[in-house]
Amino acid sequence: IVLTKDSEIIDVNNVTLDLLKAKDKSDFIGKNMMIFVSEEYREIVKNNLQKDTHPYEVELITFSGEKINVFVQGKLLKFLGQTVRVTAIIDITEVKQKDRLLFQQSKMASMGEMIGNIAHQWRQPLSVITTCSSGIKLENEIGSLNDERLNKSVDNIIENCRYLSKTIDDFRNFFKQDRQIEEFNVNEYINKVLKLLGSSLKNNDIIVKLDFKDDLYLKGVPSEFMQVIINLINNSKDAFILNNIASKTIWIKSEKINNDIVIQVIDSAGGINETIIDKIFEPYFTTKHKSKGTGIGLYMSHQIITEHFDGFIDVKNSECILDEKKYKGCSFTISIPLNKNNYILNYSI
């Protein structure tokens, strides 16, 4: 517990001494609360020190220089004729470490899928490069190689090498570790996901139909948003295979409704059993064989949308019309409020 007046600390309890590794209360009394807050969270804390708040997450700096993750909640009280702020602090460092582990597990699961996509996307250009190279060598050996043929083959090789380079850049950007916050175009990054998954979708005869009604922008880490869309598409792909669906279609829709960005991922994969649909966002819950699923993809998608983007994600069974036939499937809806979307810096994996 920390008591402050105009951001200046006037008292702390003994638990705070232990948490921030202080010797005694004199280490705190008279000091500005902000010096114990990590720089990237100071603006958030500064705005909240003058009002009552719900619990939110920040990063504090201890006297030993260690950074710790905490939940804080404050309330303004009248005390001896003065307005005093009472702030409760809860250490969640251990919880955060478990979240980081889950996030990395989810990334590793995605990486396995992506490696397969790289192999599919590289197969055709590598074949073209091999054919051109072999053709040049053979024609040179028999003396029939001319400048026109040589230049055409070399240009073809260069074009396909550039494609390979661009492809690997796309995958590298998805897996890069830095979490740079930026404003990004929602529809553009959905298209980037489809480019990454293109070969996998094609090999499984899955058609993706897009319906983008607005040019939408969010602020956050684009690779995390991409991971959510990848998880939803892969969930549909696995359901198509598991349920042996013949007509495989995924609809992805995005639009602005009132003050929310709403994204829907709808499939014709047969739907989810109503007895378990409420559990699919729980960690390690999966309907797949243990060799096919870890149960963390949808959990991490839920965490990213709710904790990072301050939105919500929901799922329900639905029906769709395809080629004048009615198909059962499921519909995932992501809703992110624009008035709150400033990327939740206080939730850092």
# chains A, B, ... in the order shown; residues from 1 in each chain; ligands from 1
call {"tool": "residues_around", "arguments": {"residues": "range 125-137 of chain A", "least_positions_apart": "5", "cutoff": "8 Å", "atoms": "only C-alpha atoms", "output": "list in words"}}
result
Leu145, Leu150, Ser153, Val154, Asn156, Ile157, Asn160, Cys161, Tyr163 and Leu164 of chain A
call {"tool": "select_by_dssp", "arguments": {"residues": "range 76-270 of chain A", "states": "alpha helix (DSSP H)", "output": "ChimeraX atom specification"}}
result
/A:93-141,147-175,186-196,198-203,222-242
call {"tool": "atom_distance", "arguments": {"atom1": "CA of Tyr327 in chain A", "atom2": "CA of Ala269 in chain A"}}
result
7.9 Å
call {"tool": "closest_residue", "arguments": {"among": "A:Leu242, A:Leu3, A:Leu194, A:Ile44", "to": "Ile229 in chain A", "atoms": "only C-alpha atoms"}}
result
A:Leu194
call {"tool": "residues_around", "arguments": {"residues": "Val221 in chain A", "least_positions_apart": "4", "cutoff": "7 Å", "atoms": "only C-alpha atoms", "output": "VMD selection string"}}
result
chain A and resid 179 to 182 225
call {"tool": "write_last_selection", "arguments": {"atoms": "N, CA and C atoms", "output": "short mmCIF file (atom, residue, chain, number, x, y, z; two decimals), in the first residue's frame"}}
result
data_model
loop_
_atom_site.label_atom_id
_atom_site.label_comp_id
_atom_site.auth_asym_id
_atom_site.auth_seq_id
_atom_site.Cartn_x
_atom_site.Cartn_y
_atom_site.Cartn_z
N ARG A 179 8.93 -6.02 -30.28
CA ARG A 179 7.50 -5.75 -30.28
C ARG A 179 7.30 -4.24 -30.48
N GLN A 180 7.58 -3.78 -31.68
CA GLN A 180 7.47 -2.36 -31.98
C GLN A 180 6.02 -1.97 -32.19
N ILE A 181 5.57 -0.99 -31.41
CA ILE A 181 4.18 -0.53 -31.49
C ILE A 181 4.06 0.47 -32.63
N GLU A 182 3.08 0.25 -33.49
CA GLU A 182 2.89 1.15 -34.62
C GLU A 182 1.43 1.11 -35.06
N PHE A 225 -1.23 -9.18 -34.05
CA PHE A 225 -2.52 -9.21 -34.75
C PHE A 225 -2.52 -10.31 -35.80
#
call {"tool": "residues_around", "arguments": {"residues": "Leu322 in chain A", "least_positions_apart": "6", "cutoff": "9 Å", "atoms": "only C-alpha atoms", "output": "number ranges by chain"}}
result
A: 247, 249, 268
call {"tool": "write_last_selection", "arguments": {"atoms": "N, CA, C and O atoms", "output": "PDB file, in the first residue's frame"}}
result
ATOM      1  N   SER A 247     -16.764 -28.866 -49.336  1.00  0.00           N
ATOM      2  CA  SER A 247     -16.733 -27.454 -49.764  1.00  0.00           C
ATOM      3  C   SER A 247     -16.136 -26.611 -48.641  1.00  0.00           C
ATOM      4  O   SER A 247     -16.801 -26.341 -47.631  1.00  0.00           O
ATOM      5  N   THR A 249     -14.730 -23.206 -47.338  1.00  0.00           N
ATOM      6  CA  THR A 249     -14.690 -21.770 -47.568  1.00  0.00           C
ATOM      7  C   THR A 249     -14.560 -21.029 -46.243  1.00  0.00           C
ATOM      8  O   THR A 249     -15.201 -21.393 -45.256  1.00  0.00           O
ATOM      9  N   SER A 268     -17.127 -22.858 -43.058  1.00  0.00           N
ATOM     10  CA  SER A 268     -18.173 -23.854 -43.332  1.00  0.00           C
ATOM     11  C   SER A 268     -17.703 -25.231 -42.879  1.00  0.00           C
ATOM     12  O   SER A 268     -17.958 -26.234 -43.534  1.00  0.00           O
TER      13      SER A 268
END
